[in-house]
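First comes the structure, then the notes that go with it.
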Protein chains: 4
Amino acid sequence: MSSGYPTAIATQSFRSVVSKYRTVFFDAYGVLKNHRGLLAGVEDTFSFLRDENIDFYILTNDASRSPQELAATYVDAGLSQVHEKKIISSGMLAREFLSNKVKSGLVAYVGTPVSAHYVETTGLQTVSIQDLDLEEADQVQALVFLDDEGFDWDRGLNQVVNLLRMRNIPVVVANTDSTYPVSANDVSIAIGALAEMAERIVGKHFIRFGKPDAQMFSFALDHIRCRDQEVSKSDILMVGDTLETDIMGGNHFGVDTALVLTGNTPGRTAKLMMEATGITPDFVCESVLD
Amino acid sequence: MSSGYPTAIATQSFRSVVSKYRTVFFDAYGVLKNHRGLLAGVEDTFSFLRDENIDFYILTNDASRSPQELAATYVDAGLSQVHEKKIISSGMLAREFLSNKVKSGLVAYVGTPVSAHYVETTGLQTVSIQDLDLEEADQVQALVFLDDEGFDWDRGLNQVVNLLRMRNIPVVVANTDSTYPVSANDVSIAIGALAEMAERIVGKHFIRFGKPDAQMFSFALDHIRCRDQEVSKSDILMVGDTLETDIMGGNHFGVDTALVLTGNTPGRTAKLMMEATGITPDFVCESVLD
Amino acid sequence: MSSGYPTAIATQSFRSVVSKYRTVFFDAYGVLKNHRGLLAGVEDTFSFLRDENIDFYILTNDASRSPQELAATYVDAGLSQVHEKKIISSGMLAREFLSNKVKSGLVAYVGTPVSAHYVETTGLQTVSIQDLDLEEADQVQALVFLDDEGFDWDRGLNQVVNLLRMRNIPVVVANTDSTYPVSANDVSIAIGALAEMAERIVGKHFIRFGKPDAQMFSFALDHIRCRDQEVSKSDILMVGDTLETDIMGGNHFGVDTALVLTGNTPGRTAKLMMEATGITPDFVCESVLD
Amino acid sequence: MSSGYPTAIATQSFRSVVSKYRTVFFDAYGVLKNHRGLLAGVEDTFSFLRDENIDFYILTNDASRSPQELAATYVDAGLSQVHEKKIISSGMLAREFLSNKVKSGLVAYVGTPVSAHYVETTGLQTVSIQDLDLEEADQVQALVFLDDEGFDWDRGLNQVVNLLRMRNIPVVVANTDSTYPVSANDVSIAIGALAEMAERIVGKHFIRFGKPDAQMFSFALDHIRCRDQEVSKSDILMVGDTLETDIMGGNHFGVDTALVLTGNTPGRTAKLMMEATGITPDFVCESVLD
């Protein structure tokens, strides 16, 4: 950052930072990839981690695809280290909730049939909100928001509101993000924003999963401890591009945090954004590449 | 109200109440009509008002149709007194704003071509958000939310968000309601809720018109004073079915208020709702019919 | 603005701007005065207005002192033009509300005995929240937030919450500001923030008066029209230092707006703040002095 | 529940419910005690748990006293089972956060000197917000809200706001409650509400600990697993009197939940409140006594 901006921020090399930790949590979008795909050179970062014996996990607010499918995008791009067990998605937390709290019956979902994977693997029956006949609303035991695609918004969201006026059932939001990038300049409204609109209309409390919620991080830590009991919070570094999710969530959970400038928080405004929000990472790095 | 509910509320005859006032403001939906059309017998109420020499206006959060079209639904149903000059719609406030604050250029609208009437009559050029080419975003001088119909929600709302990321322009919401009834049991999401979602996503302040905002009431009062300079706030009774819009707005503006139990606030829960919200009308009437 | 900041904003001379209008509305703090008192040279601005035959009013979110007392601070500093009739305070709207909607009984107030003037001049009885005996809560017909001084916050705010748990009465907030400046660097929490905390705790709707609410502006316009029937919105310029109150309120009401850089919106961040909030004045001036 | 209310709710005996679990989490206030002290007969409940070999923990949003002091109130009342290790307070999470994320320096606290225990046991230096000299603000590395007592609200809260305008530091809220009961009818404003007011004024994100946040529950579970590795979420029952904290938090975390009617959710309104909020416990019991 020799930018000359009066608000420039001091950065450190990612490798020098990450070397102090035993495990690193990566956000996906804006950190490892962008709208064009994986960042060029990110394979060297993973080689470095392997050589240094640093474990890694990808924590992603994504319930549109299963962990297997999410992992496949990395493996297909040549990153064979990023297999299914390395992915912690918010959809997995939604699945755990349904598994613990909804014993049987029909679950309506908002999203694509592919996203319904997270519900189906619990053994529950599913129906797309698009196809739900409200005459049969009394069979529905829960509603899950998974993806912004796979349904007509007009029909689907009106069905959501009318279902929730009839039935007092748990409502799960498996991705709290409000937008996601679709090109260098444009974004698309994400399922988190659609769910929030429905929540405000019906006036009930929905159950949200995803960063910055602490449960995302404790789910990941439990996941690791199944294999390595000794890991503690001070051994973990959370790396993300978004102050309000990755960095705030990591700070709240009590792990160290590193902001990278390759996504939602560009270098020229990073300092201002940190001051405006009061959210401060422990480290700032240009990217995960250096 | 011989309901036997422990929370039953004392009501008064509408005619005994309204007789004390010179002018009455009616909300439309839930007061004069419901999902089946005009309330049976409402013509007698209007005859009573005429006989008692009580003036009336209909204040409606509706920007989907012009005052002429709104009036026509009453006239066609036999209520010839409800002509265009008796309608005060939130769309008229949006039109006044555009007329005062947007001198020239292109206005993008969210709604049907019919709803765009409120923009076109100011002399401004219009384009549906559906048809807007974002390559030409720099020509757009304002954005107006008018109706929940007339566009594909998925495409239209994503266009809204991306337009507002590119352009720092005034955004007008011409109807603040979040739902409207479409049958005895079901509602439809209204443009107010869609606009609020967009506002939260882009983080900017939109300009809202409609009850409970005081401007709706002062616009109506100015409208009356063009013809009758002597009317003061104490001469006016606001009649509505919704605590948060009709009654709160009327109270805030300083006119007396009467709640009717034919719409959003049924008799069995009226008292609880008044206690929960802290919004109390001066009078409660079963309906405008008695 | 030859500041060299990449975000610098183009300004115009205040006199060249105001000359196009028949009436100007000033915010007080940050525009005409600061923590040290009246801006040096502001008397020349008022002389200019008089010479150009431009009428003026001061619109202030202040219910701590009566219009007479507010005017006296200007007159004592040598600005004899700023007499009582030139002051429109949010306290005056609260008084109008009480006068229209609370016919008799006891009104509890949060503030100094001096601020209770706004209640007492309606003929209603008053009691400070500090002195209220909750055993006699059933006599209280309304609660009014006037000033952050004159009571012990701990006792007073707990009394507010317990009073509103017992009594479902109108609650009026006569100043919506959340802070006010007390020195070059420091602020004090204003009554608007204390009222908002109480509102969230008890979950009821309070009735707020003050910018940016349209009622503040329509009250001022009604006030003018008592003397000059011909003034229309296009004749009025609102001048303020705060985007969220003065400028948003003026824009919403449909009058032209000018931001000055002598208060809450300094030149170096004005452009960023306009982009972040979506609130854009028609004009930007360094101050009212040039 | 032979109440005759049309909204009555079916309840189950607490002992029949709890027998299905290995561990029970109790909320304290409204469940085990009320404003007069421990519920008469609660010792029999603890004897039952011991006889049935059901482990228990008390999860409390309380940072005003240390776990030792909180436990002492039970032991002194004859419940020797409730020793320090059985208490999980939100203050303990705040302490863990400070320990992980604030390595050295001065921490300003809002509360009594006793509540500062949670900071002091991390080895950090403390200063009461009351005594802080803002000239030395640059030494303060974090701010912690602990208790609503121990400081003058007027001075203390203004100091908070001005400190946070000068310093971009982590702010921890160690109790998210907005009120607590002080007698049969009256409540007192809690530190959570004061902190939320400050957060809204300064516009920054504070870090909150306490129910319903998942971290409270995962902290408790980690605590248990230190002694009993085998406990899983399905072995745990959360018992509370408040839908928005105890029940929503427990549901979100994925454990079963039981609502008792001895506190914030009385039997006559429980069903309405469950419908209004959308928060539904797995079980409803009159109290923990039967």
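In the structure tokens, chains take letters A, B, ... by order of appearance, with residues numbered from 1 within each chain and ligands from 1 in the order shown.
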
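Neighbours of range 108-119 of chain C closer than or equal to 7 Å, with only C-alpha atoms counted and sequence neighbours fewer than 2 positions away skipped, come out as Ala63, Ser64, Arg65, Ser66, Gly91, Met92, Arg95, Leu106, Thr121, Thr122, Leu124, Thr126, Val127, Ser128, Ile129, Val140, Ala142, Leu143, Val144, Phe145, Leu146, Asp147, Asp148, Glu149, Gly150 and Phe151 of chain C.
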
Any chance you could tabulate, as a Markdown table, the residues of chain D at most 7 Å from chain C with each one's nearest atom pair and distance in Å to one decimal, using only C-alpha atoms, in chain and rising number order?
```
| residue | atom | partner | partner_atom | distance |
| --- | --- | --- | --- | --- |
| D:Trp153 | CA | C:Asp154 | CA | 5.8 |
| D:Asp154 | CA | C:Trp153 | CA | 5.8 |
| D:Asn158 | CA | C:Ser188 | CA | 5.8 |
| D:Asn162 | CA | C:Asp186 | CA | 6.0 |
| D:Ser178 | CA | C:Ile201 | CA | 6.6 |
| D:Asp186 | CA | C:Asn162 | CA | 6.0 |
| D:Val187 | CA | C:Asn162 | CA | 6.7 |
| D:Ser188 | CA | C:Asn158 | CA | 5.8 |
| D:Ile189 | CA | C:Asn158 | CA | 6.2 |
| D:Ala193 | CA | C:Met197 | CA | 6.8 |
| D:Met197 | CA | C:Met197 | CA | 5.9 |
| D:Ile201 | CA | C:Ser178 | CA | 6.6 |
```

I need the chosen residues saved as a CSV table (one decimal), in the first residue's frame, with all heavy atoms.
```csv
chain,number,residue,atom,x,y,z
D,153,TRP,N,-25.4,7.3,35.6
D,153,TRP,CA,-25.7,7.1,34.2
D,153,TRP,C,-25.4,8.3,33.3
D,153,TRP,O,-24.9,8.1,32.2
D,153,TRP,CB,-27.2,6.7,34.1
D,153,TRP,CG,-27.5,5.3,34.5
D,153,TRP,CD1,-26.7,4.5,35.3
D,153,TRP,CD2,-28.7,4.6,34.3
D,153,TRP,NE1,-27.4,3.3,35.5
D,153,TRP,CE2,-28.6,3.3,34.9
D,153,TRP,CE3,-29.9,4.9,33.6
D,153,TRP,CZ2,-29.6,2.4,34.8
D,153,TRP,CZ3,-30.9,3.9,33.5
D,153,TRP,CH2,-30.7,2.7,34.2
D,154,ASP,N,-25.7,9.4,33.8
D,154,ASP,CA,-25.5,10.6,33.0
D,154,ASP,C,-24.1,10.8,32.6
D,154,ASP,O,-23.7,10.8,31.5
D,154,ASP,CB,-26.1,11.8,33.8
D,154,ASP,CG,-26.1,13.1,33.1
D,154,ASP,OD1,-25.2,13.3,32.2
D,154,ASP,OD2,-26.9,14.0,33.3
D,158,ASN,N,-22.3,9.4,28.9
D,158,ASN,CA,-21.6,10.4,28.1
D,158,ASN,C,-20.1,10.1,27.9
D,158,ASN,O,-19.6,10.4,26.8
D,158,ASN,CB,-21.9,11.8,28.7
D,158,ASN,CG,-23.3,12.4,28.3
D,158,ASN,OD1,-23.6,12.3,27.1
D,158,ASN,ND2,-24.0,12.9,29.2
D,162,ASN,N,-18.2,9.6,24.2
D,162,ASN,CA,-17.0,10.4,23.8
D,162,ASN,C,-15.8,9.5,23.7
D,162,ASN,O,-15.0,9.7,22.8
D,162,ASN,CB,-16.9,11.6,24.8
D,162,ASN,CG,-17.9,12.6,24.5
D,162,ASN,OD1,-18.0,13.1,23.3
D,162,ASN,ND2,-18.7,13.0,25.4
D,178,SER,N,-32.4,-6.4,28.5
D,178,SER,CA,-32.7,-5.0,28.5
D,178,SER,C,-33.4,-4.6,29.8
D,178,SER,O,-33.4,-3.4,30.1
D,178,SER,CB,-33.5,-4.6,27.3
D,178,SER,OG,-34.7,-5.3,27.3
D,186,ASP,N,-42.3,-4.1,39.2
D,186,ASP,CA,-41.4,-3.2,38.6
D,186,ASP,C,-40.1,-3.9,38.0
D,186,ASP,O,-39.7,-4.9,38.6
D,186,ASP,CB,-41.0,-2.1,39.6
D,186,ASP,CG,-42.2,-1.2,39.8
D,186,ASP,OD1,-43.2,-1.3,39.2
D,186,ASP,OD2,-42.1,-0.3,40.7
D,187,VAL,N,-39.6,-3.2,37.0
D,187,VAL,CA,-38.3,-3.7,36.5
D,187,VAL,C,-37.3,-2.6,36.5
D,187,VAL,O,-37.6,-1.4,36.8
D,187,VAL,CB,-38.5,-4.1,35.0
D,187,VAL,CG1,-39.5,-5.3,34.8
D,187,VAL,CG2,-38.9,-2.9,34.1
D,188,SER,N,-36.1,-2.9,36.3
D,188,SER,CA,-35.0,-1.9,36.2
D,188,SER,C,-34.4,-2.1,34.8
D,188,SER,O,-34.3,-3.3,34.3
D,188,SER,CB,-34.0,-2.2,37.3
D,188,SER,OG,-33.2,-1.1,37.5
D,189,ILE,N,-33.9,-1.0,34.2
D,189,ILE,CA,-33.2,-1.1,32.9
D,189,ILE,C,-31.9,-1.8,33.2
D,189,ILE,O,-31.2,-1.4,34.1
D,189,ILE,CB,-33.0,0.3,32.4
D,189,ILE,CG1,-34.4,1.0,32.1
D,189,ILE,CG2,-32.2,0.3,31.1
D,189,ILE,CD1,-34.3,2.4,31.7
D,193,ALA,N,-29.6,-2.8,27.6
D,193,ALA,CA,-30.3,-1.7,26.9
D,193,ALA,C,-29.4,-0.4,26.9
D,193,ALA,O,-29.4,0.3,25.9
D,193,ALA,CB,-31.6,-1.4,27.7
D,197,MET,N,-28.1,1.5,23.4
D,197,MET,CA,-28.3,2.9,23.1
D,197,MET,C,-26.9,3.5,22.6
D,197,MET,O,-26.9,4.2,21.6
D,197,MET,CB,-28.8,3.7,24.3
D,197,MET,CG,-28.9,5.2,24.1
D,197,MET,SD,-29.6,6.1,25.5
D,197,MET,CE,-28.2,6.0,26.6
D,201,ILE,N,-25.9,5.2,19.0
D,201,ILE,CA,-25.3,6.6,18.9
D,201,ILE,C,-24.0,6.6,18.1
D,201,ILE,O,-23.8,7.4,17.2
D,201,ILE,CB,-25.2,7.2,20.3
D,201,ILE,CG1,-26.6,7.4,20.9
D,201,ILE,CG2,-24.4,8.5,20.2
D,201,ILE,CD1,-26.5,7.9,22.3
```

Find the residues around His35 in chain B up to 8 Å (only C-alpha atoms counted), leave out those fewer than 6 positions away in its own chain, and share them as a PyMOL selection string. chain B and resi 181-184

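Non-sequential neighbours of Glu84 in chain C (distance at most 8 Å, separation of 4 or more positions within a chain, only C-alpha atoms) are C:Pro67, C:Gln68, C:Leu70, C:Ala71, C:Ala72.
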
If you run DSSP on the backbone here, which positions in range 30-141 of chain B get strand (DSSP E or B)? Please write them as a ChimeraX atom specification. /B:33-34,37-38,55-60,87-89,106-110,125-128,140-141

Those residues with N, CA and C atoms, as a PDB file, in the first residue's frame please?
```pdb
ATOM      1  N   LYS B  33     -64.179  -1.046   1.812  1.00  0.00           N
ATOM      2  CA  LYS B  33     -64.249  -2.251   0.990  1.00  0.00           C
ATOM      3  C   LYS B  33     -63.384  -3.365   1.572  1.00  0.00           C
ATOM      4  N   ASN B  34     -63.607  -4.567   1.059  1.00  0.00           N
ATOM      5  CA  ASN B  34     -62.723  -5.673   1.418  1.00  0.00           C
ATOM      6  C   ASN B  34     -62.419  -6.468   0.142  1.00  0.00           C
ATOM      7  N   GLY B  37     -65.061  -6.518  -2.509  1.00  0.00           N
ATOM      8  CA  GLY B  37     -65.555  -5.267  -3.091  1.00  0.00           C
ATOM      9  C   GLY B  37     -66.093  -4.349  -2.004  1.00  0.00           C
ATOM     10  N   LEU B  38     -66.952  -3.389  -2.390  1.00  0.00           N
ATOM     11  CA  LEU B  38     -67.501  -2.437  -1.414  1.00  0.00           C
ATOM     12  C   LEU B  38     -68.307  -3.170  -0.346  1.00  0.00           C
ATOM     13  N   ASP B  55     -68.127  16.624   4.938  1.00  0.00           N
ATOM     14  CA  ASP B  55     -67.275  16.391   3.774  1.00  0.00           C
ATOM     15  C   ASP B  55     -66.427  15.131   4.020  1.00  0.00           C
ATOM     16  N   PHE B  56     -65.955  14.502   2.934  1.00  0.00           N
ATOM     17  CA  PHE B  56     -65.130  13.305   3.127  1.00  0.00           C
ATOM     18  C   PHE B  56     -64.033  13.228   2.073  1.00  0.00           C
ATOM     19  N   TYR B  57     -62.967  12.543   2.450  1.00  0.00           N
ATOM     20  CA  TYR B  57     -61.875  12.220   1.534  1.00  0.00           C
ATOM     21  C   TYR B  57     -61.404  10.807   1.830  1.00  0.00           C
ATOM     22  N   ILE B  58     -60.889  10.167   0.803  1.00  0.00           N
ATOM     23  CA  ILE B  58     -60.337   8.819   0.968  1.00  0.00           C
ATOM     24  C   ILE B  58     -58.821   8.911   0.871  1.00  0.00           C
ATOM     25  N   LEU B  59     -58.145   8.547   1.957  1.00  0.00           N
ATOM     26  CA  LEU B  59     -56.674   8.606   1.999  1.00  0.00           C
ATOM     27  C   LEU B  59     -56.147   7.192   1.837  1.00  0.00           C
ATOM     28  N   THR B  60     -55.485   6.935   0.744  1.00  0.00           N
ATOM     29  CA  THR B  60     -55.083   5.559   0.469  1.00  0.00           C
ATOM     30  C   THR B  60     -53.614   5.441   0.092  1.00  0.00           C
ATOM     31  N   ILE B  87     -60.204  11.646  -3.763  1.00  0.00           N
ATOM     32  CA  ILE B  87     -59.155  10.646  -3.531  1.00  0.00           C
ATOM     33  C   ILE B  87     -57.813  11.337  -3.254  1.00  0.00           C
ATOM     34  N   ILE B  88     -57.201  10.964  -2.155  1.00  0.00           N
ATOM     35  CA  ILE B  88     -55.838  11.414  -1.849  1.00  0.00           C
ATOM     36  C   ILE B  88     -54.985  10.142  -1.781  1.00  0.00           C
ATOM     37  N   SER B  89     -54.170   9.926  -2.808  1.00  0.00           N
ATOM     38  CA  SER B  89     -53.357   8.705  -2.800  1.00  0.00           C
ATOM     39  C   SER B  89     -51.899   9.051  -2.532  1.00  0.00           C
ATOM     40  N   LEU B 106     -34.685  11.268 -16.990  1.00  0.00           N
ATOM     41  CA  LEU B 106     -35.352   9.983 -17.041  1.00  0.00           C
ATOM     42  C   LEU B 106     -35.598   9.463 -15.617  1.00  0.00           C
ATOM     43  N   VAL B 107     -36.818   8.968 -15.373  1.00  0.00           N
ATOM     44  CA  VAL B 107     -37.138   8.368 -14.076  1.00  0.00           C
ATOM     45  C   VAL B 107     -37.424   6.877 -14.286  1.00  0.00           C
ATOM     46  N   ALA B 108     -36.684   6.029 -13.576  1.00  0.00           N
ATOM     47  CA  ALA B 108     -36.969   4.593 -13.635  1.00  0.00           C
ATOM     48  C   ALA B 108     -38.064   4.270 -12.637  1.00  0.00           C
ATOM     49  N   TYR B 109     -39.000   3.412 -13.021  1.00  0.00           N
ATOM     50  CA  TYR B 109     -40.080   3.067 -12.092  1.00  0.00           C
ATOM     51  C   TYR B 109     -40.198   1.561 -11.933  1.00  0.00           C
ATOM     52  N   VAL B 110     -40.658   1.193 -10.733  1.00  0.00           N
ATOM     53  CA  VAL B 110     -40.918  -0.197 -10.402  1.00  0.00           C
ATOM     54  C   VAL B 110     -42.431  -0.317 -10.298  1.00  0.00           C
ATOM     55  N   GLN B 125     -39.676  11.882 -18.300  1.00  0.00           N
ATOM     56  CA  GLN B 125     -39.618  10.652 -19.088  1.00  0.00           C
ATOM     57  C   GLN B 125     -39.547   9.448 -18.171  1.00  0.00           C
ATOM     58  N   THR B 126     -40.105   8.319 -18.570  1.00  0.00           N
ATOM     59  CA  THR B 126     -40.071   7.139 -17.706  1.00  0.00           C
ATOM     60  C   THR B 126     -39.504   5.926 -18.429  1.00  0.00           C
ATOM     61  N   VAL B 127     -38.968   5.017 -17.616  1.00  0.00           N
ATOM     62  CA  VAL B 127     -38.572   3.713 -18.132  1.00  0.00           C
ATOM     63  C   VAL B 127     -38.833   2.686 -17.030  1.00  0.00           C
ATOM     64  N   SER B 128     -39.434   1.581 -17.412  1.00  0.00           N
ATOM     65  CA  SER B 128     -39.649   0.503 -16.438  1.00  0.00           C
ATOM     66  C   SER B 128     -38.310  -0.089 -16.033  1.00  0.00           C
ATOM     67  N   VAL B 140     -30.414   8.152 -15.653  1.00  0.00           N
ATOM     68  CA  VAL B 140     -31.532   8.031 -14.710  1.00  0.00           C
ATOM     69  C   VAL B 140     -31.366   9.028 -13.566  1.00  0.00           C
ATOM     70  N   GLN B 141     -32.368   9.866 -13.340  1.00  0.00           N
ATOM     71  CA  GLN B 141     -32.287  10.936 -12.334  1.00  0.00           C
ATOM     72  C   GLN B 141     -33.038  10.607 -11.051  1.00  0.00           C
TER      73      GLN B 141
END
```

As a check of understanding: the span from CA of Ile9 in chain C to CA of Ser287 in chain C is 13.5 Å

When you look at range 283-285 of chain B with a cut-off of 9 Å (counting only C-alpha atoms), what residues show up, excluding the ones that are within fewer than 4 positions of it in the same chain? I need them as a PyMOL selection string. chain B and resi 9-14+17+256-261+290

May I have the residues within 7 Å of Ala94 in chain D as a ChimeraX atom specification, using only C-alpha atoms and disregarding those fewer than 4 positions away in the same chain? /D:90,98,172,174,209
